[in-house]
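Source file entry_20.cif; content: mmCIF, C-alpha atoms; chains and numbers go by the auth columns.
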data_data
#
loop_
_atom_site.group_PDB
_atom_site.id
_atom_site.type_symbol
_atom_site.label_atom_id
_atom_site.label_comp_id
_atom_site.label_asym_id
_atom_site.label_seq_id
_atom_site.Cartn_x
_atom_site.Cartn_y
_atom_site.Cartn_z
_atom_site.B_iso_or_equiv
_atom_site.auth_seq_id
_atom_site.auth_asym_id
ATOM 1 C CA MET A 1 -14.951 -24.689 2.041 0.00 1 A
ATOM 2 C CA GLU A 2 -11.189 -25.052 1.741 0.00 2 A
ATOM 3 C CA TYR A 3 -8.981 -23.027 4.097 0.00 3 A
ATOM 4 C CA ARG A 4 -5.230 -22.533 3.832 0.00 4 A
ATOM 5 C CA ILE A 5 -2.703 -20.804 6.056 0.00 5 A
ATOM 6 C CA GLY A 6 0.499 -19.098 4.952 0.00 6 A
ATOM 7 C CA VAL A 7 3.405 -17.696 6.941 0.00 7 A
ATOM 8 C CA GLY A 8 5.706 -14.947 5.704 0.00 8 A
ATOM 9 C CA TYR A 9 8.860 -13.404 7.102 0.00 9 A
ATOM 10 C CA ASP A 10 11.263 -10.794 5.813 0.00 10 A
ATOM 11 C CA ILE A 11 14.033 -8.593 7.174 0.00 11 A
ATOM 12 C CA HIS A 12 15.834 -5.648 5.578 0.00 12 A
ATOM 13 C CA ARG A 13 18.759 -3.512 6.683 0.00 13 A
ATOM 14 C CA LEU A 14 18.123 0.157 7.505 0.00 14 A
ATOM 15 C CA VAL A 15 20.351 2.512 5.485 0.00 15 A
ATOM 16 C CA GLU A 16 20.679 6.231 4.889 0.00 16 A
ATOM 17 C CA GLY A 17 19.540 7.704 1.591 0.00 17 A
ATOM 18 C CA ARG A 18 16.393 5.587 1.198 0.00 18 A
ATOM 19 C CA LYS A 19 12.748 6.238 2.045 0.00 19 A
ATOM 20 C CA LEU A 20 11.036 3.989 4.578 0.00 20 A
ATOM 21 C CA PHE A 21 7.897 2.235 3.301 0.00 21 A
ATOM 22 C CA LEU A 22 5.748 -0.193 5.303 0.00 22 A
ATOM 23 C CA GLY A 23 2.496 -1.545 3.941 0.00 23 A
ATOM 24 C CA GLY A 24 2.683 0.984 1.122 0.00 24 A
ATOM 25 C CA VAL A 25 2.830 3.900 3.568 0.00 25 A
ATOM 26 C CA GLU A 26 5.832 6.217 3.615 0.00 26 A
ATOM 27 C CA ILE A 27 7.022 6.583 7.210 0.00 27 A
ATOM 28 C CA PRO A 28 9.071 9.682 8.081 0.00 28 A
ATOM 29 C CA TYR A 29 12.449 8.490 9.363 0.00 29 A
ATOM 30 C CA ILE A 30 16.137 9.243 8.869 0.00 30 A
ATOM 31 C CA LYS A 31 16.750 5.863 7.197 0.00 31 A
ATOM 32 C CA GLY A 32 14.973 3.527 4.796 0.00 32 A
ATOM 33 C CA LEU A 33 15.078 -0.168 3.987 0.00 33 A
ATOM 34 C CA LEU A 34 17.718 -1.509 1.631 0.00 34 A
ATOM 35 C CA GLY A 35 16.311 -3.681 -1.132 0.00 35 A
ATOM 36 C CA HIS A 36 16.204 -4.343 -4.855 0.00 36 A
ATOM 37 C CA SER A 37 12.637 -2.980 -4.848 0.00 37 A
ATOM 38 C CA ASP A 38 11.401 -0.225 -2.523 0.00 38 A
ATOM 39 C CA GLY A 39 12.271 -2.553 0.386 0.00 39 A
ATOM 40 C CA ASP A 40 8.754 -2.651 1.898 0.00 40 A
ATOM 41 C CA VAL A 41 9.429 -5.515 4.308 0.00 41 A
ATOM 42 C CA LEU A 42 5.747 -5.808 5.319 0.00 42 A
ATOM 43 C CA LEU A 43 4.525 -6.261 1.752 0.00 43 A
ATOM 44 C CA HIS A 44 7.379 -8.697 1.031 0.00 44 A
ATOM 45 C CA ALA A 45 6.401 -10.850 4.017 0.00 45 A
ATOM 46 C CA LEU A 46 2.763 -10.622 2.904 0.00 46 A
ATOM 47 C CA CYS A 47 3.698 -11.871 -0.586 0.00 47 A
ATOM 48 C CA ASP A 48 5.567 -14.802 0.970 0.00 48 A
ATOM 49 C CA ALA A 49 2.602 -15.652 3.199 0.00 49 A
ATOM 50 C CA PHE A 50 0.167 -15.681 0.254 0.00 50 A
ATOM 51 C CA LEU A 51 2.566 -17.651 -1.936 0.00 51 A
ATOM 52 C CA GLY A 52 3.064 -20.150 0.891 0.00 52 A
ATOM 53 C CA ALA A 53 -0.679 -20.620 1.344 0.00 53 A
ATOM 54 C CA LEU A 54 -0.988 -21.234 -2.403 0.00 54 A
ATOM 55 C CA GLY A 55 1.982 -23.617 -2.515 0.00 55 A
ATOM 56 C CA GLU A 56 3.689 -21.291 -5.018 0.00 56 A
ATOM 57 C CA GLY A 57 7.186 -20.891 -3.571 0.00 57 A
ATOM 58 C CA ASP A 58 8.450 -17.540 -2.342 0.00 58 A
ATOM 59 C CA ILE A 59 8.955 -13.921 -3.353 0.00 59 A
ATOM 60 C CA GLY A 60 12.562 -14.517 -4.443 0.00 60 A
ATOM 61 C CA GLU A 61 11.473 -17.159 -6.944 0.00 61 A
ATOM 62 C CA ARG A 62 8.590 -15.100 -8.311 0.00 62 A
ATOM 63 C CA PHE A 63 10.370 -11.719 -8.382 0.00 63 A
ATOM 64 C CA PRO A 64 14.135 -12.434 -8.408 0.00 64 A
ATOM 65 C CA ASP A 65 16.433 -9.597 -7.378 0.00 65 A
ATOM 66 C CA THR A 66 18.622 -10.496 -10.352 0.00 66 A
ATOM 67 C CA ASP A 67 15.860 -9.330 -12.718 0.00 67 A
ATOM 68 C CA PRO A 68 16.271 -5.634 -13.610 0.00 68 A
ATOM 69 C CA GLN A 69 12.520 -5.175 -14.152 0.00 69 A
ATOM 70 C CA TYR A 70 12.027 -5.326 -10.377 0.00 70 A
ATOM 71 C CA GLU A 71 14.738 -2.808 -9.482 0.00 71 A
ATOM 72 C CA GLY A 72 13.144 0.018 -7.509 0.00 72 A
ATOM 73 C CA ILE A 73 9.627 -1.347 -8.108 0.00 73 A
ATOM 74 C CA SER A 74 6.854 -0.519 -5.667 0.00 74 A
ATOM 75 C CA SER A 75 6.190 -3.565 -3.513 0.00 75 A
ATOM 76 C CA GLY A 76 2.491 -2.775 -3.922 0.00 76 A
ATOM 77 C CA LYS A 77 2.815 -3.989 -7.516 0.00 77 A
ATOM 78 C CA LEU A 78 4.328 -7.257 -6.305 0.00 78 A
ATOM 79 C CA VAL A 79 1.426 -7.812 -3.884 0.00 79 A
ATOM 80 C CA LYS A 80 -1.106 -7.043 -6.617 0.00 80 A
ATOM 81 C CA ASN A 81 0.577 -9.654 -8.843 0.00 81 A
ATOM 82 C CA VAL A 82 0.378 -12.264 -6.058 0.00 82 A
ATOM 83 C CA CYS A 83 -3.262 -11.344 -5.322 0.00 83 A
ATOM 84 C CA ALA A 84 -4.113 -11.804 -8.998 0.00 84 A
ATOM 85 C CA LEU A 85 -2.694 -15.346 -8.729 0.00 85 A
ATOM 86 C CA LEU A 86 -4.712 -15.907 -5.559 0.00 86 A
ATOM 87 C CA LYS A 87 -7.938 -14.852 -7.323 0.00 87 A
ATOM 88 C CA GLU A 88 -7.042 -16.841 -10.444 0.00 88 A
ATOM 89 C CA LYS A 89 -6.873 -19.962 -8.249 0.00 89 A
ATOM 90 C CA GLY A 90 -10.284 -19.115 -6.754 0.00 90 A
ATOM 91 C CA PHE A 91 -9.149 -18.014 -3.274 0.00 91 A
ATOM 92 C CA ASN A 92 -10.275 -15.113 -1.101 0.00 92 A
ATOM 93 C CA ILE A 93 -8.377 -13.417 1.698 0.00 93 A
ATOM 94 C CA ASN A 94 -9.870 -14.314 5.052 0.00 94 A
ATOM 95 C CA ASN A 95 -7.418 -12.761 7.515 0.00 95 A
ATOM 96 C CA ILE A 96 -3.986 -11.113 7.762 0.00 96 A
ATOM 97 C CA ASP A 97 -2.074 -10.855 11.041 0.00 97 A
ATOM 98 C CA SER A 98 1.320 -9.146 11.064 0.00 98 A
ATOM 99 C CA VAL A 99 4.055 -8.178 13.502 0.00 99 A
ATOM 100 C CA ILE A 100 6.506 -5.383 12.674 0.00 100 A
ATOM 101 C CA VAL A 101 9.699 -5.802 14.703 0.00 101 A
ATOM 102 C CA ALA A 102 11.742 -2.586 14.955 0.00 102 A
ATOM 103 C CA GLN A 103 13.525 -0.657 17.658 0.00 103 A
ATOM 104 C CA GLU A 104 12.943 2.582 15.753 0.00 104 A
ATOM 105 C CA PRO A 105 10.939 4.316 14.516 0.00 105 A
ATOM 106 C CA ASN A 106 7.907 3.944 16.745 0.00 106 A
ATOM 107 C CA PHE A 107 5.210 2.490 14.485 0.00 107 A
ATOM 108 C CA SER A 108 2.293 2.913 16.897 0.00 108 A
ATOM 109 C CA PRO A 109 1.175 6.236 15.353 0.00 109 A
ATOM 110 C CA PHE A 110 1.202 4.641 11.875 0.00 110 A
ATOM 111 C CA LYS A 111 -0.503 1.295 12.533 0.00 111 A
ATOM 112 C CA LYS A 112 -3.965 2.539 11.550 0.00 112 A
ATOM 113 C CA SER A 113 -2.799 4.127 8.285 0.00 113 A
ATOM 114 C CA ILE A 114 -0.769 1.004 7.407 0.00 114 A
ATOM 115 C CA ARG A 115 -3.786 -1.183 8.152 0.00 115 A
ATOM 116 C CA GLN A 116 -6.013 1.004 5.973 0.00 116 A
ATOM 117 C CA ALA A 117 -3.489 1.056 3.112 0.00 117 A
ATOM 118 C CA VAL A 118 -3.066 -2.737 3.119 0.00 118 A
ATOM 119 C CA ALA A 119 -6.834 -3.320 3.217 0.00 119 A
ATOM 120 C CA ARG A 120 -7.425 -0.802 0.435 0.00 120 A
ATOM 121 C CA SER A 121 -4.705 -2.247 -1.817 0.00 121 A
ATOM 122 C CA LEU A 122 -6.049 -5.790 -1.349 0.00 122 A
ATOM 123 C CA GLU A 123 -9.677 -4.655 -1.663 0.00 123 A
ATOM 124 C CA ILE A 124 -10.685 -6.255 1.637 0.00 124 A
ATOM 125 C CA GLN A 125 -12.366 -4.996 4.783 0.00 125 A
ATOM 126 C CA GLU A 126 -10.075 -3.261 7.229 0.00 126 A
ATOM 127 C CA ASP A 127 -11.069 -5.624 10.052 0.00 127 A
ATOM 128 C CA ARG A 128 -9.403 -8.477 8.125 0.00 128 A
ATOM 129 C CA VAL A 129 -5.986 -6.831 8.578 0.00 129 A
ATOM 130 C CA ASN A 130 -4.135 -6.638 11.885 0.00 130 A
ATOM 131 C CA ILE A 131 -0.895 -4.733 12.430 0.00 131 A
ATOM 132 C CA LYS A 132 1.169 -5.143 15.598 0.00 132 A
ATOM 133 C CA ALA A 133 4.471 -3.438 16.409 0.00 133 A
ATOM 134 C CA LYS A 134 7.145 -4.744 18.771 0.00 134 A
ATOM 135 C CA THR A 135 10.735 -3.893 19.662 0.00 135 A
ATOM 136 C CA ASN A 136 13.589 -6.299 20.287 0.00 136 A
ATOM 137 C CA GLU A 137 14.433 -4.642 23.596 0.00 137 A
ATOM 138 C CA GLY A 138 17.823 -3.513 22.304 0.00 138 A
ATOM 139 C CA LEU A 139 18.900 -7.040 21.292 0.00 139 A
ATOM 140 C CA ASP A 140 20.462 -8.128 17.958 0.00 140 A
ATOM 141 C CA SER A 141 20.597 -6.103 14.709 0.00 141 A
ATOM 142 C CA ILE A 142 16.957 -5.057 15.049 0.00 142 A
ATOM 143 C CA GLY A 143 17.463 -3.885 18.625 0.00 143 A
ATOM 144 C CA GLN A 144 20.573 -1.994 17.524 0.00 144 A
ATOM 145 C CA LYS A 145 18.432 -0.068 14.968 0.00 145 A
ATOM 146 C CA GLU A 146 20.143 -1.721 11.995 0.00 146 A
ATOM 147 C CA ALA A 147 17.145 -3.583 10.548 0.00 147 A
ATOM 148 C CA ILE A 148 13.381 -4.082 10.523 0.00 148 A
ATOM 149 C CA ALA A 149 11.690 -7.479 10.296 0.00 149 A
ATOM 150 C CA VAL A 150 8.079 -8.492 9.755 0.00 150 A
ATOM 151 C CA TYR A 151 6.193 -11.727 10.426 0.00 151 A
ATOM 152 C CA VAL A 152 2.849 -12.333 8.681 0.00 152 A
ATOM 153 C CA VAL A 153 0.251 -15.094 8.923 0.00 153 A
ATOM 154 C CA VAL A 154 -2.606 -15.225 6.421 0.00 154 A
ATOM 155 C CA THR A 155 -5.666 -17.397 6.009 0.00 155 A
ATOM 156 C CA ILE A 156 -7.308 -17.759 2.642 0.00 156 A
ATOM 157 C CA ASN A 157 -10.370 -19.709 1.601 0.00 157 A
ATOM 158 C CA LYS A 158 -11.989 -21.114 -1.496 0.00 158 A
#

This structure in structure tokens:
Amino acid sequence: MEYRIGVGYDIHRLVEGRKLFLGGVEIPYIKGLLGHSDGDVLLHALCDAFLGALGEGDIGERFPDTDPQYEGISSGKLVKNVCALLKEKGFNINNIDSVIVAQEPNFSPFKKSIRQAVARSLEIQEDRVNIKAKTNEGLDSIGQKEAIAVYVVVTINK
């Protein structure tokens, strides 16, 4: 069996006038994430992790923000596109581990629903998805409530 590991990272600025999506789940908050798409930083980092494990570059190469067809697109569609590539190459998702880094909002009440939504969208068992939430203890742009970042590590196998 062949195993591969991929690492993904993304960060987006919090702005007024946008909805906040993480893992395909709308989170009630006074701000949302700025982005060419819906700004779902978790799904963007997940795309990068899968693309890295496949040796297929990154999300910016595959879905450039200069292409109008991706403006406002649901990041769930981007993940489905990457998962189709993963399956086309004969790989299965073994494990997803993620860390959401945000000072606000508090993601603890939403971790289960995010985990369920990610598992459902990828058609994998829920126990293959892990969601953790951390703050930056008031430090940097994340700690000042200006941004949210996500780190993701995936393992895939063939």

Using all atoms listed in the file, which of the listed residues (A:Asn157, A:Ala49, A:Ala133, A:Asp97) sits closest to Pro109 (chain A)?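 Once distances to Pro109 (chain A) are computed over all atoms listed in the file, the minimum belongs to A:Ala133.
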
To test your reading of the syntax: which residues would the PyMOL selection byres ((chain A and resi 87) around 12) return for the file shown? Reply as an MDAnalysis selection string. chainID A and resid 50 54 80:86 88:93 122:123 156:158

What lies within 9 Å of Asn94 (chain A) using all atoms listed in the file, ignoring chain neighbours under 3 positions off, as a ChimeraX atom specification? /A:3,124,128,154-157

Suppose we keep C-alpha atoms; can you now write the selection as a PDB file, in the coordinates of the input?
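The resulting file, part_30.pdb, is reproduced below:
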ATOM      1  CA  TYR A   3      -8.981 -23.027   4.097  1.00  0.00           C
ATOM      2  CA  ILE A 124     -10.685  -6.255   1.637  1.00  0.00           C
ATOM      3  CA  ARG A 128      -9.403  -8.477   8.125  1.00  0.00           C
ATOM      4  CA  VAL A 154      -2.606 -15.225   6.421  1.00  0.00           C
ATOM      5  CA  THR A 155      -5.666 -17.397   6.009  1.00  0.00           C
ATOM      6  CA  ILE A 156      -7.308 -17.759   2.642  1.00  0.00           C
ATOM      7  CA  ASN A 157     -10.370 -19.709   1.601  1.00  0.00           C
TER       8      ASN A 157
END

Could you tell me which residues the PyMOL selection byres ((chain A and resi 112) around 12) returns for this structure, as a list in words?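 What the PyMOL selection byres ((chain A and resi 112) around 12) grabs from the file is Leu22, Gly23, Val25, Phe107, Ser108, Pro109, Phe110, Lys111, Ser113, Ile114, Arg115, Gln116, Ala117, Val118, Ala119, Glu126, Asp127, Val129, Asn130, Ile131, Lys132 and Ala133 of chain A.
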
Nearest residue to Ser74 (chain A) from the set A:Leu51, A:Val101, A:Leu14, A:Leu20 (distances using only C-alpha atoms):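 Smallest distance to Ser74 (chain A) is found for A:Leu20.
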
Name all residues at most 9 Å from region 27-43 of chain A (count all atoms listed in the file; drop same-chain ones fewer than 2 positions away) and give them as a ChimeraX atom specification. /A:9-25,45-48,65-66,68,70-76,78-79,98-100,104-105,107,110,118,147-152

Any chance you could model N, CA and C atoms for region 142-155 of chain A and send them as an mmCIF file, in the coordinates of the input?
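Contents of part_35.cif, freshly written:
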data_model
loop_
_atom_site.group_PDB
_atom_site.id
_atom_site.type_symbol
_atom_site.label_atom_id
_atom_site.label_comp_id
_atom_site.auth_asym_id
_atom_site.auth_seq_id
_atom_site.Cartn_x
_atom_site.Cartn_y
_atom_site.Cartn_z
ATOM 1 N N ILE A 142 18.191 -5.841 14.989
ATOM 2 C CA ILE A 142 16.957 -5.057 15.049
ATOM 3 C C ILE A 142 16.990 -4.140 16.265
ATOM 4 N N GLY A 143 17.373 -4.678 17.400
ATOM 5 C CA GLY A 143 17.463 -3.885 18.625
ATOM 6 C C GLY A 143 18.515 -2.801 18.559
ATOM 7 N N GLN A 144 19.518 -2.992 17.713
ATOM 8 C CA GLN A 144 20.573 -1.994 17.524
ATOM 9 C C GLN A 144 20.219 -0.987 16.427
ATOM 10 N N LYS A 145 18.973 -1.013 15.965
ATOM 11 C CA LYS A 145 18.432 -0.068 14.968
ATOM 12 C C LYS A 145 19.089 -0.223 13.600
ATOM 13 N N GLU A 146 19.499 -1.446 13.279
ATOM 14 C CA GLU A 146 20.143 -1.721 11.995
ATOM 15 C C GLU A 146 19.206 -2.365 10.984
ATOM 16 N N ALA A 147 18.046 -2.848 11.436
ATOM 17 C CA ALA A 147 17.145 -3.583 10.548
ATOM 18 C C ALA A 147 15.714 -3.542 11.073
ATOM 19 N N ILE A 148 14.792 -3.899 10.173
ATOM 20 C CA ILE A 148 13.381 -4.082 10.523
ATOM 21 C C ILE A 148 12.954 -5.426 9.948
ATOM 22 N N ALA A 149 12.216 -6.187 10.739
ATOM 23 C CA ALA A 149 11.690 -7.479 10.296
ATOM 24 C C ALA A 149 10.176 -7.482 10.447
ATOM 25 N N VAL A 150 9.533 -8.337 9.672
ATOM 26 C CA VAL A 150 8.079 -8.492 9.755
ATOM 27 C C VAL A 150 7.724 -9.971 9.643
ATOM 28 N N TYR A 151 6.789 -10.389 10.490
ATOM 29 C CA TYR A 151 6.193 -11.727 10.426
ATOM 30 C C TYR A 151 4.731 -11.536 10.018
ATOM 31 N N VAL A 152 4.239 -12.402 9.125
ATOM 32 C CA VAL A 152 2.849 -12.333 8.681
ATOM 33 C C VAL A 152 2.263 -13.738 8.628
ATOM 34 N N VAL A 153 1.029 -13.860 9.088
ATOM 35 C CA VAL A 153 0.251 -15.094 8.923
ATOM 36 C C VAL A 153 -1.031 -14.708 8.205
ATOM 37 N N VAL A 154 -1.369 -15.465 7.158
ATOM 38 C CA VAL A 154 -2.606 -15.225 6.421
ATOM 39 C C VAL A 154 -3.454 -16.489 6.390
ATOM 40 N N THR A 155 -4.757 -16.297 6.336
ATOM 41 C CA THR A 155 -5.666 -17.397 6.009
ATOM 42 C C THR A 155 -6.409 -16.985 4.754
#
